[in-house]
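**Student:** Take a look at this one; I'll ask things after.
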Amino acid sequence: MAKKSHRGERLGEEIKKVVSDLLLRELRGPGFESGLITVSYVKAADDGGFATIYFTALGAEPEQVIDAFEKAKGFIRGEIGKRLGLRLAPDLRFKPDLAEQYGQHIDTILSGLDIPKDEGPAGREASLSEIAEVLEAYEHIFAFTHDHMDGDTLGSALALVLTLRELGKDAWVFADAEPPRSLAFLPSSVLALPEAAAQIVSGLEAAGEPWLAVAMDYSGTDRIEGRAPFFTGAAERICIDHHVTAVPEGDLYFLDPAAAATAEIVWRLIQEVDWPMNEEIATAIYVGVVTDTGRFQYANTKSETHRIAASLIEAGADFRMAFSEIYQKVAPEKLIVERAMLSALELFADGRGAISGVGQDVLSAVHAGEDETDGMSEKLISIIGMKIGVFLRELPDGHVKVSLRSKDPFDVASLAAEFGGGGHMRAAGFTADTSLEETREILKVRITALLGEKP
Ligand code: 5GP
Ligand code: MN
């Protein structure tokens, strides 16, 4: 899909020189001085509209470095414009170089775990206005939520679909299952589960109508297991995501690891092209932001996140309903899962690691879904002195869903990537095909090594 353009390549090289020089001479502050920051490559759009700067950060937190870059963005763009003689310097985005991160785990890769080391995104990075143009070009659009639905994947997919409906499109949220109870208050009439979606798709195919697929809050088809053929079968595919480990599988993608939630990106998209906003759209985006920031608690929360939340409330987001449905209604079954989690809790690595798991014996007896297991890993990481918390839940097929949380400076996104999953620095996950007990033992050994000696 991606066309090679010499102009983009040349511009990328030039920008790399400028930013490398600025890092050496001009850029100061904690984000830049906490480690060794180098620009590994720059991917510039053919039309010079924007460029993505991939960096490696030795001894520094990638998220802190992104923050520092974001703050200095105006200055950097100014310098690029001046030094390269551009009337309009490209808009800039900053991303950690994942190939480098994977490189640091080369031993694990070689020991047989299949992380694609050199595999880059298959598609082409696009600006939000370009994505809007593609969305506008299609009449039939499916926004895909990822398996094990959460508030951000559903909130962002719903917000996009409701907006597209306002624009008169035939748009659907393509979900693997009904939303969990805590999210069931969101509009459900635009939801298509696999059976219904298959019917819509076969109707479109019979009529020779092309349709567009949009991945919301994930990038790889491994996260839409049963629905992957639908995604692959679309006329065109877009990925909109904020996971630091994302390797998009579509034709076009917009990735921003600095965004607190994918819903935040949807908000920006709507603002960028001045699409309509209403109470339902605002509530859906609000839910994505609130759930992915843990109610504005996690380090991904920025002043911008609060500004977006404020504008959503002004647009009529029903935040009282959202908080009440998501956080103030606990099913008794959840307490049973929590009791099982506490009784299987094990602290290790001098109290810096916590791990617990709950099996199908308990989970199926109480019909536990996403709601009943949600928040368990947060409980583990909130233990004083804890650095990495792991919650394991056995799935009906015997596989184990692993939920990882960490505290500064431990990076669970890379840890999850070692096992074929992904996520964010402080919250990540993967599905293991080992048993509950085996997974527990493997992770204890790996995490003990990762935590190293107690300082
Ligand atoms: P949670 O522990 O809340 O299920 O997930 C934490 C974070 O890790 C979320 O951002 C989620 O998208 C990501 N994550 C969880 N499981 C997987 C997985 O199997 N693959 C990938 N790529 N990311 C995951
Ligand atoms: Mn998300």
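Residues are referred to by chain and number: the chain letter is A, B, ... according to the order shown in the structure tokens, the number counts from 1 in that chain, and ligands are numbered separately from 1 in the order shown.
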Give the residues close to ligand 2, within 12 Å, counting only C-alpha atoms and all ligand atoms; write them as a PyMOL selection string.

**Tutor:** chain A and resi 145-146+149-157+215-219+240-244+246+255-266+285+287-294+300+422-424+427-428

**Student:** Within 8 Å of stretch 384-391 of chain A, counting only C-alpha atoms, which residues show up once you throw out same-chain ones fewer than 2 positions away? Write them as a VMD selection string, please.

**Tutor:** chain A and resid 351 to 357 376 to 378 380 to 382 393 402 to 408 410 447 451

**Student:** Quick one: residues within 6 Å of stretch 29-43 of chain A, only C-alpha atoms, excluding same-chain residues fewer than 2 positions away - as a list of chain:residue names?

**Tutor:**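 The contact residues come out as A:Gly12, A:Lys16, A:Ala51, A:Thr52, A:Ile53, A:Tyr54, A:Phe55, A:Thr56, A:Ala57, A:Leu58, A:Gly59, A:Ala60, A:Gln64, A:Val65, A:Ala68.
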
**Student:** Among stretch 353-442 of chain A, which ones does DSSP place in helix (DSSP H, G or I), written as number ranges by chain?

**Tutor:** A: 360-365, 370-373, 376-381, 412-418, 436-442

**Student:** Tell me which protein, DNA and RNA residues are within 12 Å of A:Ser202, counting only C-alpha atoms, leaving out same-chain ones fewer than 6 positions away, and put them as a PDB file with N, CA and C atoms, in the first residue's frame.

**Tutor:**
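Generated file (part25.pdb):
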```pdb
ATOM      1  N   PRO A 194     -21.204 -10.241  15.837  1.00  0.00           N
ATOM      2  CA  PRO A 194     -20.749 -10.943  14.638  1.00  0.00           C
ATOM      3  C   PRO A 194     -21.854 -11.441  13.699  1.00  0.00           C
ATOM      4  N   GLU A 195     -22.910 -12.031  14.267  1.00  0.00           N
ATOM      5  CA  GLU A 195     -23.933 -12.593  13.390  1.00  0.00           C
ATOM      6  C   GLU A 195     -24.619 -11.500  12.568  1.00  0.00           C
ATOM      7  N   ALA A 196     -25.009 -10.427  13.249  1.00  0.00           N
ATOM      8  CA  ALA A 196     -25.683  -9.324  12.560  1.00  0.00           C
ATOM      9  C   ALA A 196     -24.727  -8.656  11.580  1.00  0.00           C
ATOM     10  N   GLY A 208     -22.357  -5.121  -4.180  1.00  0.00           N
ATOM     11  CA  GLY A 208     -21.111  -4.562  -4.711  1.00  0.00           C
ATOM     12  C   GLY A 208     -20.728  -3.238  -4.052  1.00  0.00           C
ATOM     13  N   GLU A 209     -21.177  -3.051  -2.802  1.00  0.00           N
ATOM     14  CA  GLU A 209     -20.881  -1.801  -2.080  1.00  0.00           C
ATOM     15  C   GLU A 209     -19.600  -1.962  -1.261  1.00  0.00           C
ATOM     16  N   PRO A 210     -18.618  -1.091  -1.423  1.00  0.00           N
ATOM     17  CA  PRO A 210     -17.404  -1.201  -0.614  1.00  0.00           C
ATOM     18  C   PRO A 210     -17.647  -0.709   0.818  1.00  0.00           C
ATOM     19  N   TRP A 211     -16.902  -1.258   1.752  1.00  0.00           N
ATOM     20  CA  TRP A 211     -17.019  -0.780   3.125  1.00  0.00           C
ATOM     21  C   TRP A 211     -15.646  -0.632   3.768  1.00  0.00           C
ATOM     22  N   PHE A 230     -13.222 -10.334   8.776  1.00  0.00           N
ATOM     23  CA  PHE A 230     -14.031  -9.179   8.381  1.00  0.00           C
ATOM     24  C   PHE A 230     -13.142  -7.953   8.188  1.00  0.00           C
ATOM     25  N   GLY A 233     -11.160  -8.296   5.153  1.00  0.00           N
ATOM     26  CA  GLY A 233     -11.967  -8.275   3.939  1.00  0.00           C
ATOM     27  C   GLY A 233     -12.504  -6.913   3.537  1.00  0.00           C
ATOM     28  N   ALA A 234     -12.269  -5.888   4.361  1.00  0.00           N
ATOM     29  CA  ALA A 234     -12.792  -4.558   4.029  1.00  0.00           C
ATOM     30  C   ALA A 234     -12.060  -3.974   2.820  1.00  0.00           C
TER      31      ALA A 234
END
```

**Student:** At what distance in Å, to one decimal, does atom CA of A:Arg268 lie from atom CA of A:Tyr138?

**Tutor:** 20.3 Å

**Student:** What is the atom CA of A:Ala413 to atom 4 (O, counted along the ligand's line) of ligand 1 distance in Å?

**Tutor:**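 Interatomic distance, atom CA of A:Ala413 to atom 4 (O, counted along the ligand's line) of ligand 1: 12.0 Å.
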
**Student:** List the neighbours of A:Ala72 out to 12 Å using only C-alpha atoms; skip same-chain residues closer than 2 positions along the sequence, and give me the result as a count of residues only.

**Tutor:** 24

**Student:** Please return, as a VMD selection string, all residues of stretch 45-252 of chain A that DSSP assigns to strand (DSSP E or B) on the basis of the backbone.

**Tutor:** chain A and resid 50 to 58 91 to 96 124 to 125 140 to 144 170 to 174 191 to 192 211 to 216 236 to 241 252

**Student:** Hey, what's within 12 Å of stretch 329-334 of chain A if we count only C-alpha atoms and toss same-chain stuff fewer than 6 positions away? As a list in words, please?

**Tutor:**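 Those residues are Pro180, Arg181, Ser182, Leu183, Met321, Ala322, Phe323, Ala340, Met341, Val358, Val362, Leu363, Ser364, Ala365, Val366, His367, Ala368, Gly369, Glu370, Asp371, Glu372, Thr373, Asp374, Gly375 and Met376 of chain A.
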
**Student:** Could you check which of A:Ser311, A:Ser414, A:Gln297, A:Gln271 is closest to ligand 1, using only C-alpha atoms and all ligand atoms?

**Tutor:**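 Nearest to ligand 1: A:Ser414.
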